[in-house]
$ cat data-v7.txt   # compact mmCIF, C-alpha atoms
# COMPACT_ATOMS: atom_id res chain seq x y z
CA MET A 151 -12.19 -10.15 -22.72
CA ASP A 152 -11.55 -7.64 -19.99
CA LYS A 153 -14.25 -8.17 -17.39
CA SER A 154 -13.87 -4.93 -15.49
CA ILE A 155 -15.36 -2.75 -18.21
CA GLU A 156 -17.95 -0.21 -17.35
CA MET A 157 -19.30 2.69 -19.33
CA LYS A 158 -20.32 5.76 -17.38
CA VAL A 159 -22.06 8.69 -18.98
CA GLU A 160 -22.69 11.88 -17.05
CA ASN A 161 -24.86 14.79 -18.09
CA LEU A 162 -24.01 14.21 -21.74
CA ALA A 163 -25.35 16.44 -24.50
CA VAL A 164 -25.03 15.32 -28.11
CA GLY A 165 -25.85 17.09 -31.32
CA ARG A 166 -25.47 17.12 -35.06
CA SER A 167 -23.79 20.04 -36.84
CA GLY A 168 -23.90 22.17 -33.70
CA VAL A 169 -27.60 21.66 -33.07
CA PRO A 170 -28.20 19.81 -29.80
CA VAL A 171 -30.36 16.73 -30.15
CA LEU A 172 -30.27 15.16 -26.70
CA GLU A 173 -29.34 16.69 -23.36
CA GLY A 174 -28.80 15.57 -19.79
CA ILE A 175 -28.06 11.95 -20.56
CA SER A 176 -26.68 10.07 -17.55
CA PHE A 177 -26.44 6.32 -17.20
CA ALA A 178 -24.01 3.57 -16.38
CA LEU A 179 -23.62 0.38 -18.34
CA ALA A 180 -22.15 -2.36 -16.17
CA PRO A 181 -20.61 -5.65 -17.27
CA GLY A 182 -23.33 -8.21 -17.89
CA GLN A 183 -25.92 -5.55 -18.61
CA VAL A 184 -28.03 -5.08 -21.72
CA MET A 185 -29.64 -1.70 -22.18
CA VAL A 186 -32.22 -1.04 -24.85
CA LEU A 187 -32.35 2.47 -26.23
CA ARG A 188 -35.83 3.65 -27.13
CA GLY A 189 -37.09 6.80 -28.76
CA PRO A 190 -39.04 7.89 -31.84
CA ASN A 191 -37.36 8.29 -35.23
CA GLY A 192 -35.06 11.26 -35.35
CA SER A 193 -34.80 11.54 -31.59
CA GLY A 194 -31.02 11.21 -31.69
CA LYS A 195 -30.37 7.53 -30.92
CA THR A 196 -27.83 7.21 -33.73
CA THR A 197 -26.15 10.49 -32.76
CA LEU A 198 -25.88 9.26 -29.17
CA LEU A 199 -24.38 5.93 -30.24
CA ARG A 200 -21.89 7.61 -32.59
CA THR A 201 -20.83 9.95 -29.80
CA LEU A 202 -20.40 7.07 -27.38
CA ALA A 203 -18.34 5.22 -29.99
CA GLY A 204 -16.02 8.22 -30.22
CA LEU A 205 -16.91 9.11 -33.80
CA GLN A 206 -18.38 12.43 -32.72
CA LEU A 207 -17.47 14.85 -29.96
CA PRO A 208 -19.95 15.36 -27.13
CA MET A 209 -21.32 18.90 -26.83
CA ALA A 210 -21.22 18.73 -23.05
CA GLY A 211 -20.77 16.20 -20.28
CA SER A 212 -18.45 13.26 -20.02
CA ILE A 213 -18.17 9.69 -21.21
CA SER A 214 -15.86 7.42 -19.30
CA VAL A 215 -15.08 4.14 -20.96
CA PRO A 216 -11.91 2.05 -21.15
CA GLY A 217 -10.06 2.52 -24.45
CA GLU A 218 -10.50 0.01 -27.27
CA SER A 219 -13.46 -1.70 -25.66
CA ILE A 220 -16.23 -0.58 -28.01
CA ALA A 221 -17.57 -2.40 -31.03
CA TYR A 222 -19.93 -0.19 -33.00
CA GLY A 223 -22.55 -1.71 -35.28
CA ALA A 224 -24.15 0.89 -37.53
CA HIS A 225 -26.86 0.81 -40.20
CA ALA A 226 -24.14 0.06 -42.75
CA ASP A 227 -22.38 -3.26 -42.32
CA GLY A 228 -19.00 -2.30 -43.74
CA LEU A 229 -18.95 -5.23 -46.15
CA LYS A 230 -16.91 -5.38 -49.33
CA SER A 231 -19.09 -6.82 -52.08
CA THR A 232 -16.20 -8.31 -54.07
CA LEU A 233 -14.75 -10.17 -51.08
CA SER A 234 -16.20 -13.48 -49.95
CA VAL A 235 -18.00 -13.87 -46.63
CA ARG A 236 -14.94 -15.48 -45.09
CA GLU A 237 -12.54 -12.84 -46.49
CA ASN A 238 -14.71 -10.07 -45.07
CA LEU A 239 -14.68 -11.63 -41.63
CA ASP A 240 -11.01 -12.63 -41.83
CA PHE A 241 -10.13 -9.00 -42.45
CA TRP A 242 -11.82 -7.82 -39.25
CA ALA A 243 -10.31 -10.73 -37.33
CA LYS A 244 -6.82 -9.66 -38.43
CA ILE A 245 -7.52 -6.02 -37.59
CA HIS A 246 -8.59 -7.01 -34.09
CA ALA A 247 -6.00 -9.81 -33.78
CA THR A 248 -8.56 -12.54 -33.06
CA ASP A 249 -8.88 -16.00 -34.59
CA ASN A 250 -12.44 -17.22 -34.05
CA VAL A 251 -13.71 -16.77 -37.60
CA ASP A 252 -14.81 -20.38 -38.20
CA GLU A 253 -16.64 -20.53 -34.90
CA VAL A 254 -18.42 -17.24 -35.58
CA LEU A 255 -19.41 -18.26 -39.11
CA GLU A 256 -20.97 -21.42 -37.65
CA ARG A 257 -22.82 -19.45 -34.98
CA PHE A 258 -24.41 -17.05 -37.42
CA ASN A 259 -25.30 -19.86 -39.80
CA LEU A 260 -22.96 -18.55 -42.49
CA THR A 261 -20.63 -21.54 -42.96
CA ALA A 262 -22.44 -22.69 -46.11
CA LEU A 263 -22.07 -19.21 -47.58
CA ALA A 264 -18.43 -18.73 -46.56
CA ASP A 265 -17.02 -18.68 -50.10
CA ARG A 266 -19.78 -16.63 -51.66
CA PRO A 267 -19.00 -13.00 -52.57
CA ALA A 268 -20.81 -10.62 -50.24
CA ALA A 269 -22.44 -9.05 -53.32
CA ASN A 270 -24.55 -12.21 -53.75
CA LEU A 271 -25.95 -12.23 -50.23
CA SER A 272 -29.50 -11.26 -49.36
CA ALA A 273 -30.09 -8.25 -47.12
CA GLY A 274 -30.66 -10.49 -44.11
CA GLN A 275 -27.52 -12.53 -44.79
CA LYS A 276 -25.47 -9.34 -45.10
CA ARG A 277 -26.86 -8.18 -41.79
CA ARG A 278 -25.91 -11.50 -40.16
CA LEU A 279 -22.38 -11.10 -41.51
CA GLY A 280 -22.26 -7.53 -40.20
CA LEU A 281 -23.32 -8.73 -36.74
CA ALA A 282 -20.83 -11.61 -36.89
CA ARG A 283 -18.12 -8.94 -37.01
CA LEU A 284 -19.03 -7.97 -33.42
CA LEU A 285 -18.04 -11.39 -32.15
CA VAL A 286 -14.84 -11.33 -34.21
CA SER A 287 -13.89 -7.95 -32.76
CA GLY A 288 -13.57 -9.40 -29.24
CA ARG A 289 -14.63 -6.04 -27.84
CA ALA A 290 -16.54 -5.89 -24.55
CA ILE A 291 -19.10 -3.12 -25.13
CA TRP A 292 -21.42 -3.45 -28.11
CA LEU A 293 -23.14 -0.30 -29.34
CA LEU A 294 -25.75 -1.39 -31.85
CA ASP A 295 -27.96 0.73 -34.06
CA GLU A 296 -31.10 -1.13 -35.16
CA PRO A 297 -29.27 -4.46 -35.40
CA THR A 298 -32.32 -6.47 -36.40
CA VAL A 299 -33.23 -4.61 -39.58
CA SER A 300 -33.98 -7.12 -42.38
CA LEU A 301 -33.45 -10.14 -40.11
CA ASP A 302 -36.07 -12.91 -40.03
CA VAL A 303 -37.39 -14.37 -36.78
CA ALA A 304 -34.82 -17.19 -36.67
CA SER A 305 -31.93 -14.79 -37.28
CA VAL A 306 -33.19 -12.41 -34.61
CA GLU A 307 -33.07 -15.34 -32.19
CA ILE A 308 -29.50 -16.18 -33.27
CA PHE A 309 -28.57 -12.58 -32.62
CA ALA A 310 -30.38 -12.42 -29.27
CA GLN A 311 -28.57 -15.59 -28.19
CA ALA A 312 -25.24 -14.04 -29.20
CA VAL A 313 -26.04 -11.02 -27.04
CA ARG A 314 -27.05 -13.27 -24.10
CA ASP A 315 -23.78 -15.20 -24.34
CA HIS A 316 -21.83 -11.98 -24.68
CA VAL A 317 -23.22 -10.46 -21.48
CA ALA A 318 -22.97 -13.80 -19.69
CA ALA A 319 -19.25 -13.66 -20.46
CA GLY A 320 -19.00 -10.24 -18.85
CA GLY A 321 -19.69 -8.05 -21.86
CA ALA A 322 -22.27 -5.31 -22.14
CA ALA A 323 -24.54 -4.04 -24.90
CA LEU A 324 -26.44 -0.86 -25.65
CA ILE A 325 -28.98 -1.54 -28.37
CA ALA A 326 -31.21 0.92 -30.19
CA THR A 327 -34.14 -1.12 -31.39
CA HIS A 328 -37.91 -1.02 -31.80
CA ILE A 329 -38.64 -4.72 -31.58
CA ASP A 330 -38.72 -6.96 -28.53
CA LEU A 331 -35.53 -9.03 -28.56
CA ARG A 332 -36.73 -11.12 -25.60
CA LEU A 333 -33.64 -10.21 -23.65
CA GLU A 334 -33.36 -9.32 -20.01
CA ALA A 335 -32.71 -5.68 -20.63
CA ASP A 336 -33.04 -2.30 -18.97
CA LEU A 337 -34.92 0.29 -20.90
CA PHE A 338 -33.48 3.71 -21.54
CA ASP A 339 -35.95 6.06 -23.17
CA VAL A 340 -34.49 9.23 -24.69
CA THR A 341 -37.85 10.83 -25.51
CA ASP A 342 -37.81 13.13 -22.46
CA LEU A 343 -34.20 14.15 -22.99
CA ARG A 344 -34.71 15.72 -26.40
CA ALA A 345 -33.18 19.15 -26.67
CA ASP A 346 -35.12 22.12 -27.91
CA PRO A 347 -33.44 22.87 -31.23
CA ASP A 348 -34.91 26.38 -31.40
CA GLY A 349 -33.86 27.35 -27.90
CA ALA A 350 -30.93 29.42 -26.76
CA THR A 351 -28.81 26.33 -26.23
CA ALA A 352 -28.90 25.66 -29.98
CA LEU A 353 -27.24 28.98 -30.74
CA ALA A 354 -24.68 28.62 -27.98
CA GLY A 355 -23.83 25.16 -29.31
CA ALA A 356 -23.39 26.42 -32.85
CA PHE A 357 -21.06 29.18 -31.67
CA ASP A 358 -19.06 26.74 -29.58
CA GLU A 359 -18.59 24.55 -32.60
CA ALA A 360 -17.61 27.44 -34.83
CA PHE A 361 -14.92 28.59 -32.44
CA ALA A 362 -13.82 25.18 -31.22
CA MET B 219 -2.23 -2.62 -40.80
CA ILE B 220 -0.75 -5.24 -43.12
CA ALA B 221 -4.19 -6.85 -43.22
CA LEU B 222 -5.62 -3.53 -44.37
CA LEU B 223 -2.97 -3.19 -47.08
CA ILE B 224 -3.59 -6.72 -48.32
CA ARG B 225 -7.35 -6.12 -48.36
CA ASP B 226 -6.97 -2.89 -50.32
CA LEU B 227 -4.68 -4.53 -52.87
CA ARG B 228 -7.06 -7.47 -53.18
CA LEU B 229 -10.04 -5.16 -53.69
CA SER B 230 -8.19 -3.21 -56.36
CA VAL B 231 -7.57 -6.29 -58.52
CA ARG B 232 -11.12 -7.64 -58.15
CA ALA B 233 -13.95 -6.56 -60.45
CA GLY B 234 -14.46 -2.80 -60.44
CA GLY B 235 -11.35 -2.22 -58.36
CA GLY B 236 -9.77 0.10 -60.89
CA PHE B 237 -6.33 -1.53 -61.00
CA GLY B 238 -4.62 -0.68 -64.30
CA LEU B 239 -6.98 2.20 -65.01
CA GLY B 240 -4.26 4.80 -64.39
CA LEU B 241 -1.75 2.82 -66.41
CA ALA B 242 -4.08 2.54 -69.40
CA PHE B 243 -4.80 6.27 -69.19
CA PHE B 244 -1.06 7.01 -69.09
CA LEU B 245 -0.48 4.81 -72.16
CA ILE B 246 -3.25 6.56 -74.10
CA VAL B 247 -1.84 10.00 -73.27
CA THR B 248 1.65 9.03 -74.45
CA ILE B 249 0.16 7.63 -77.66
CA LEU B 250 -2.01 10.70 -78.30
CA VAL B 251 0.72 13.32 -77.83
CA PRO B 252 2.83 12.27 -80.87
CA PHE B 253 -0.37 12.37 -82.97
CA GLY B 254 -1.01 15.90 -81.81
CA VAL B 255 2.54 17.21 -82.00
CA GLY B 256 3.59 15.53 -85.22
CA PRO B 257 6.28 13.04 -86.05
CA GLU B 258 9.39 15.23 -85.58
CA GLY B 259 11.58 13.12 -83.32
CA ASP B 260 13.70 15.88 -81.82
CA ILE B 261 10.69 17.97 -80.72
CA LEU B 262 9.08 14.91 -79.17
CA ALA B 263 12.29 13.97 -77.35
CA ARG B 264 12.57 17.53 -76.03
CA ILE B 265 9.04 17.70 -74.59
CA ALA B 266 8.94 14.02 -73.54
CA PRO B 267 10.01 14.40 -69.86
CA GLY B 268 7.42 17.11 -69.21
CA ILE B 269 4.61 15.35 -71.08
CA LEU B 270 5.33 12.02 -69.40
CA TRP B 271 5.37 13.67 -65.98
CA VAL B 272 2.07 15.47 -66.60
CA GLY B 273 0.59 12.23 -67.91
CA ALA B 274 1.71 10.30 -64.83
CA LEU B 275 0.32 13.03 -62.57
CA LEU B 276 -3.10 13.00 -64.23
CA ALA B 277 -3.15 9.20 -64.18
CA CYS B 278 -2.52 9.35 -60.41
CA LEU B 279 -5.45 11.69 -60.05
CA LEU B 280 -7.90 9.28 -61.69
CA SER B 281 -8.18 6.85 -58.81
CA LEU B 282 -7.81 9.32 -55.94
CA ASP B 283 -11.48 9.83 -55.16
CA ARG B 284 -11.80 6.10 -54.44
CA VAL B 285 -9.14 6.08 -51.72
CA PHE B 286 -11.55 6.76 -48.86
CA GLN B 287 -14.93 7.20 -50.56
CA LEU B 288 -15.82 3.52 -50.97
CA ASP B 289 -14.94 2.74 -47.35
CA PHE B 290 -16.96 5.75 -46.25
CA GLU B 291 -20.05 4.75 -48.22
CA ASP B 292 -20.28 1.18 -46.94
CA GLY B 293 -19.58 2.13 -43.32
CA THR B 294 -16.13 0.52 -43.19
CA LEU B 295 -14.47 3.83 -42.33
CA ASP B 296 -16.67 4.23 -39.21
CA ILE B 297 -15.71 0.78 -38.03
CA LEU B 298 -12.03 1.29 -38.84
CA ALA B 299 -12.12 4.55 -36.88
CA THR B 300 -13.12 2.56 -33.77
CA SER B 301 -10.61 -0.24 -34.49
CA PRO B 302 -7.16 -0.59 -32.90
CA ILE B 303 -5.51 0.98 -35.97
CA PRO B 304 -4.58 4.63 -35.39
CA MET B 305 -6.12 6.97 -37.96
CA GLU B 306 -2.67 8.20 -39.02
CA GLY B 307 -1.58 4.63 -39.73
CA LEU B 308 -4.78 4.04 -41.65
CA VAL B 309 -4.23 6.97 -44.01
CA MET B 310 -0.58 5.93 -44.50
CA VAL B 311 -1.68 2.43 -45.51
CA LYS B 312 -4.36 3.84 -47.81
CA ALA B 313 -1.83 6.11 -49.54
CA LEU B 314 0.65 3.24 -49.80
CA ALA B 315 -2.02 1.02 -51.37
CA HIS B 316 -2.83 3.81 -53.84
CA TRP B 317 0.85 4.12 -54.74
CA LEU B 318 1.28 0.35 -55.18
CA THR B 319 -1.76 0.08 -57.46
CA THR B 320 -1.34 3.34 -59.38
CA GLY B 321 2.08 4.97 -58.86
CA LEU B 322 4.33 1.93 -59.02
CA PRO B 323 2.91 0.58 -62.32
CA LEU B 324 3.42 4.06 -63.83
CA VAL B 325 7.04 4.15 -62.65
CA LEU B 326 7.76 0.73 -64.11
CA ALA B 327 5.99 1.41 -67.41
CA ALA B 328 7.29 4.94 -67.97
CA PRO B 329 10.70 3.97 -69.47
CA VAL B 330 8.89 1.75 -72.01
CA PHE B 331 6.27 4.37 -72.85
CA ALA B 332 9.10 6.92 -73.16
CA MET B 333 10.20 5.20 -76.36
CA LEU B 334 6.89 6.25 -77.94
CA MET B 335 8.07 9.81 -77.31
CA GLN B 336 11.53 9.20 -78.80
CA LEU B 337 13.09 9.46 -75.34
CA GLU B 338 15.86 6.89 -75.11
CA GLY B 339 19.09 6.06 -73.32
CA PRO B 340 19.88 8.09 -70.18
CA GLY B 341 16.55 9.95 -70.50
CA GLN B 342 14.67 6.73 -69.72
CA VAL B 343 16.81 6.08 -66.66
CA TRP B 344 16.36 9.59 -65.28
CA LEU B 345 12.61 9.53 -65.97
CA PHE B 346 12.39 6.26 -64.07
CA PHE B 347 14.28 7.59 -61.06
CA SER B 348 12.47 10.92 -60.93
CA LEU B 349 9.07 9.19 -61.10
CA ALA B 350 10.13 6.60 -58.51
CA LEU B 351 11.07 9.43 -56.15
CA GLY B 352 8.13 11.69 -56.95
CA THR B 353 5.05 9.44 -57.26
CA PRO B 354 4.93 8.58 -53.52
CA ALA B 355 4.49 12.31 -52.88
CA LEU B 356 1.67 12.36 -55.46
CA SER B 357 -0.13 9.55 -53.62
CA MET B 358 0.37 11.16 -50.21
CA ILE B 359 -0.78 14.64 -51.27
CA GLY B 360 -3.63 13.11 -53.23
CA SER B 361 -4.83 11.07 -50.27
CA PHE B 362 -5.01 14.30 -48.29
CA GLY B 363 -7.32 15.76 -50.94
CA ALA B 364 -9.39 12.58 -50.83
CA ALA B 365 -9.58 12.79 -47.03
CA LEU B 366 -10.81 16.38 -47.22
CA THR B 367 -13.64 15.53 -49.61
CA VAL B 368 -14.70 12.16 -48.19
CA GLY B 369 -18.43 12.17 -47.64
CA LEU B 370 -19.16 14.69 -50.36
CA LYS B 371 -21.22 13.45 -53.24
CA ARG B 372 -19.30 13.78 -56.51
CA GLY B 373 -16.19 14.74 -54.58
CA GLY B 374 -13.92 13.46 -57.35
CA LEU B 375 -13.83 16.68 -59.32
CA LEU B 376 -13.26 18.69 -56.18
CA VAL B 377 -10.30 16.45 -55.33
CA SER B 378 -8.72 17.33 -58.68
CA LEU B 379 -9.19 21.05 -58.10
CA LEU B 380 -7.76 20.82 -54.59
CA VAL B 381 -4.88 18.55 -55.37
CA LEU B 382 -3.57 19.75 -58.74
CA PRO B 383 -2.16 23.06 -57.42
CA LEU B 384 -0.47 21.12 -54.61
CA TYR B 385 1.15 18.90 -57.23
CA VAL B 386 2.97 21.82 -58.84
CA PRO B 387 6.28 21.64 -56.89
CA THR B 388 6.50 17.88 -57.38
CA LEU B 389 5.88 18.31 -61.10
CA ILE B 390 8.42 21.12 -61.50
CA PHE B 391 11.29 19.31 -59.81
CA GLY B 392 10.38 15.89 -61.18
CA ALA B 393 10.14 17.01 -64.79
CA GLU B 394 13.23 19.19 -64.38
CA ALA B 395 15.28 16.26 -63.07
CA ALA B 396 14.14 14.08 -65.98
CA ARG B 397 14.78 16.86 -68.52
CA ARG B 398 18.27 17.61 -67.24
CA GLY B 399 19.14 13.94 -67.06
CA ALA B 400 17.98 13.38 -70.64
CA ALA B 401 20.04 16.35 -71.84
CA GLY B 402 23.12 15.04 -70.05
CA LEU B 403 23.17 17.89 -67.51
CA GLU B 404 23.65 17.84 -63.75
CA ALA B 405 20.32 16.68 -62.27
CA THR B 406 21.20 16.19 -58.60
CA THR B 407 19.64 19.42 -57.32
CA PRO B 408 16.07 18.92 -58.63
CA LEU B 409 16.28 15.26 -57.66
CA LEU B 410 17.23 16.18 -54.08
CA LEU B 411 14.43 18.73 -53.87
CA LEU B 412 12.03 16.11 -55.20
CA ALA B 413 13.21 13.68 -52.54
CA GLY B 414 12.69 16.44 -49.97
CA ILE B 415 9.07 16.95 -51.07
CA THR B 416 8.40 13.22 -50.83
CA ALA B 417 10.04 12.90 -47.41
CA GLY B 418 8.20 15.97 -46.13
CA SER B 419 4.80 14.78 -47.32
CA LEU B 420 5.41 11.31 -45.87
CA ALA B 421 6.21 12.86 -42.51
CA LEU B 422 3.49 15.52 -42.26
CA ILE B 423 0.51 14.60 -44.42
CA PRO B 424 -0.70 11.55 -42.44
CA PHE B 425 -1.53 13.86 -39.52
CA ALA B 426 -3.40 16.30 -41.75
CA SER B 427 -5.32 13.51 -43.53
CA ALA B 428 -6.23 11.84 -40.24
CA ALA B 429 -7.57 15.12 -38.86
CA ALA B 430 -9.58 15.71 -42.05
CA ILE B 431 -11.16 12.26 -41.82
CA ARG B 432 -12.02 12.61 -38.14
CA ILE B 433 -13.82 15.86 -38.91
CA ASN B 434 -15.65 14.38 -41.88
CA LEU B 435 -16.89 11.41 -39.84
CA ARG B 436 -18.56 13.67 -37.30
$ encode --input "data-v7.txt" --output "structure tokens"
Amino acid sequence: MDKSIEMKVENLAVGRSGVPVLEGISFALAPGQVMVLRGPNGSGKTTLLRTLAGLQLPMAGSISVPGESIAYGAHADGLKSTLSVRENLDFWAKIHATDNVDEVLERFNLTALADRPAANLSAGQKRRLGLARLLVSGRAIWLLDEPTVSLDVASVEIFAQAVRDHVAAGGAALIATHIDLRLEADLFDVTDLRADPDGATALAGAFDEAFA
Amino acid sequence: MIALLIRDLRLSVRAGGGFGLGLAFFLIVTILVPFGVGPEGDILARIAPGILWVGALLACLLSLDRVFQLDFEDGTLDILATSPIPMEGLVMVKALAHWLTTGLPLVLAAPVFAMLMQLEGPGQVWLFFSLALGTPALSMIGSFGAALTVGLKRGGLLVSLLVLPLYVPTLIFGAEAARRGAAGLEATTPLLLLAGITAGSLALIPFASAAAIRINLR
């Protein structure tokens, strides 16, 4: 893992379909840092994470982050129901050219389920497998969107421990979550940065997008 | 990228993967046409290259909406977009997987199915070669249509409407090459044009498909 990673965001504005959702976002995420993203439902946490992951274009501002350092964990786990647990993870390991599948399966308590098709997993087990992919990716910056949905207390602790080890090894994580993960984390609340969707900026944004 | 190809092929042969669907559809079409046209062998032999080409084209269309849609729905496409694989490479692999599971079986089966249409001898050979040259273009162009409609609910029908007009040149030159070959005429010109369409779509379409997917993920 590259230890000199740092994500810097300056005066970022993000939006969906040309309507700004959040404005004036500035923060830096240093190696070894965990940042928890807070904000009410619909405040734009997912949009922000997707923009940071490079899936969406920012409406203004800049994101500086080393290439190929981001692992994005969304609501959907990207599992194939007809492939077994091990095959699912093996695929991502090959894509990212890593070979720690067995170790990761053990960590997330999935070894006993390794040969079971993903279709037969419970929601929590699927989620664990989806999170296991982060470790397999070998990427330094984790951007996670509600990672603990459908996890039980024990699994949340497994996940929190994985995050602790990840940042201890020089990684970083930005996590949108509503529960207390019992991590040493900085809080980043987006509530005050919400854009006024009816304001003039909304129109300007829509025009920019139309003529981009 | 090889891992992605292997995964796609593996998914297609597992339950619900749709492998063989196009082939079965193609077989049914070639069985139905003689029932509709009647048993006159010379008429069947005359229309065989065209009918077989149209049948292969429609069979290709059947599985197109799955090319990106399933990966989009379960979030895999988002993750792949942030993976080390370039988007252009990803759409190439997806189109190749579609060709291997749909196009290639059609190419291999077509000479056999041609016998149901009274097309024999050199006609079978020319049909085989024209399909082998033309079906990669069908998969490439089709994957572009699939990339444009990814994320739309019930996008399958829209893919057909978008893609079928784009299939016209491939169909014209492919069927023409097979027809001329079967009739013992010079078939080099349509075959070369067909090869040109395939080479052109292989070179250009990955960029268009990749751009379409990037926009649809936003």
$ residues_around --input "data-v7.txt" --residues "region 337-347 of chain B" --least-positions-apart "2" --cutoff "10 Å" --atoms "all atoms listed in the file" --output "PyMOL selection string"
chain B and resi 259-260+262-268+270-271+324-335+349-352+392-402+405+409
$ interface_residues --input "data-v7.txt" --of "chain B" --to "chain A" --cutoff "6 Å" --atoms "all atoms listed in the file" --output "list in words"
Asp292, Gly293, Thr294 and Arg436 of chain B
$ atom_distance --input "data-v7.txt" --atom1 "CA of Lys195 (chain A)" --atom2 "CA of Ala326 (chain A)"
6.7 Å
$ atom_distance --input "data-v7.txt" --atom1 "CA of Ala233 (chain B)" --atom2 "CA of Phe362 (chain B)"
25.7 Å
$ axis_aligned_box --input "data-v7.txt" --around "region 356-366 of chain B" --padding-each-side "6 Å" --output "AutoDock Vina command-line options"
--center_x -4.6 --center_y 13.0 --center_z -51.2 --size_x 24.5 --size_y 18.8 --size_z 20.4
$ residues_around --input "data-v7.txt" --residues "region 212-214 of chain A" --least-positions-apart "2" --cutoff "10 Å" --atoms "only C-alpha atoms" --output "PyMOL selection string"
chain A and resi 156-163+175-178+201-204+208-210+216-217
$ residues_around --input "data-v7.txt" --residues "Gly418 (chain B)" --least-positions-apart "5" --cutoff "12 Å" --atoms "all atoms listed in the file" --output "list in words"
Gly352, Pro354, Ala355, Leu356, Met358, Ile359, Thr388, Leu411, Leu412, Ala413, Ile423, Pro424 and Phe425 of chain B
$ residues_around --input "data-v7.txt" --residues "Val313 (chain A)" --least-positions-apart "6" --cutoff "9 Å" --atoms "all atoms listed in the file" --output "list in words"
Val184, Trp292, Gly321, Ala322, Ala323 and Leu333 of chain A
$ residues_around --input "data-v7.txt" --residues "Val381 (chain B)" --least-positions-apart "4" --cutoff "10 Å" --atoms "all atoms listed in the file" --output "PyMOL selection string"
chain B and resi 279+282+356+359-364+375-377+385-386
$ closest_residue --input "data-v7.txt" --among "A:Leu331, A:Ser234, A:Val286, A:Pro170" --to "Arg225 (chain B)" --atoms "all atoms listed in the file"
A:Ser234
$ closest_residue --input "data-v7.txt" --among "B:Leu379, B:Leu389, B:Thr300, B:Gly236" --to "Ile291 (chain A)" --atoms "only C-alpha atoms"
B:Thr300
$ closest_residue --input "data-v7.txt" --among "B:Thr319, B:Gln336, B:Thr367, B:Ser378" --to "Leu229 (chain B)" --atoms "all atoms listed in the file"
B:Thr319
$ atom_distance --input "data-v7.txt" --atom1 "CA of Gln287 (chain B)" --atom2 "CA of Gly192 (chain A)"
25.6 Å
$ closest_residue --input "data-v7.txt" --among "B:Thr353, B:Thr407, B:Ser301, B:Ser427" --to "Val272 (chain B)" --atoms "all atoms listed in the file"
B:Thr353
$ decode --input "data-v7.txt" --residues "region 301-317 of chain B" --atoms "C-alpha atoms" --output "JSON list (two decimals), in the first residue's frame"
[["chain", "number", "residue", "atom", "x", "y", "z"],
["B", 301, "SER", "CA", -11.10, -0.52, -10.76],
["B", 302, "PRO", "CA", -7.78, -0.57, -12.63],
["B", 303, "ILE", "CA", -9.52, -1.75, -15.82],
["B", 304, "PRO", "CA", -10.01, 1.10, -18.31],
["B", 305, "MET", "CA", -13.65, 1.55, -19.33],
["B", 306, "GLU", "CA", -12.79, 0.99, -22.99],
["B", 307, "GLY", "CA", -11.19, -2.35, -22.13],
["B", 308, "LEU", "CA", -14.20, -3.26, -20.05],
["B", 309, "VAL", "CA", -16.67, -2.73, -22.90],
["B", 310, "MET", "CA", -14.38, -4.65, -25.29],
["B", 311, "VAL", "CA", -14.34, -7.62, -22.91],
["B", 312, "LYS", "CA", -18.10, -7.41, -22.44],
["B", 313, "ALA", "CA", -18.67, -7.42, -26.22],
["B", 314, "LEU", "CA", -16.20, -10.28, -26.64],
["B", 315, "ALA", "CA", -18.01, -12.29, -23.95],
["B", 316, "HIS", "CA", -21.31, -11.61, -25.72],
["B", 317, "TRP", "CA", -19.83, -12.81, -29.01]]
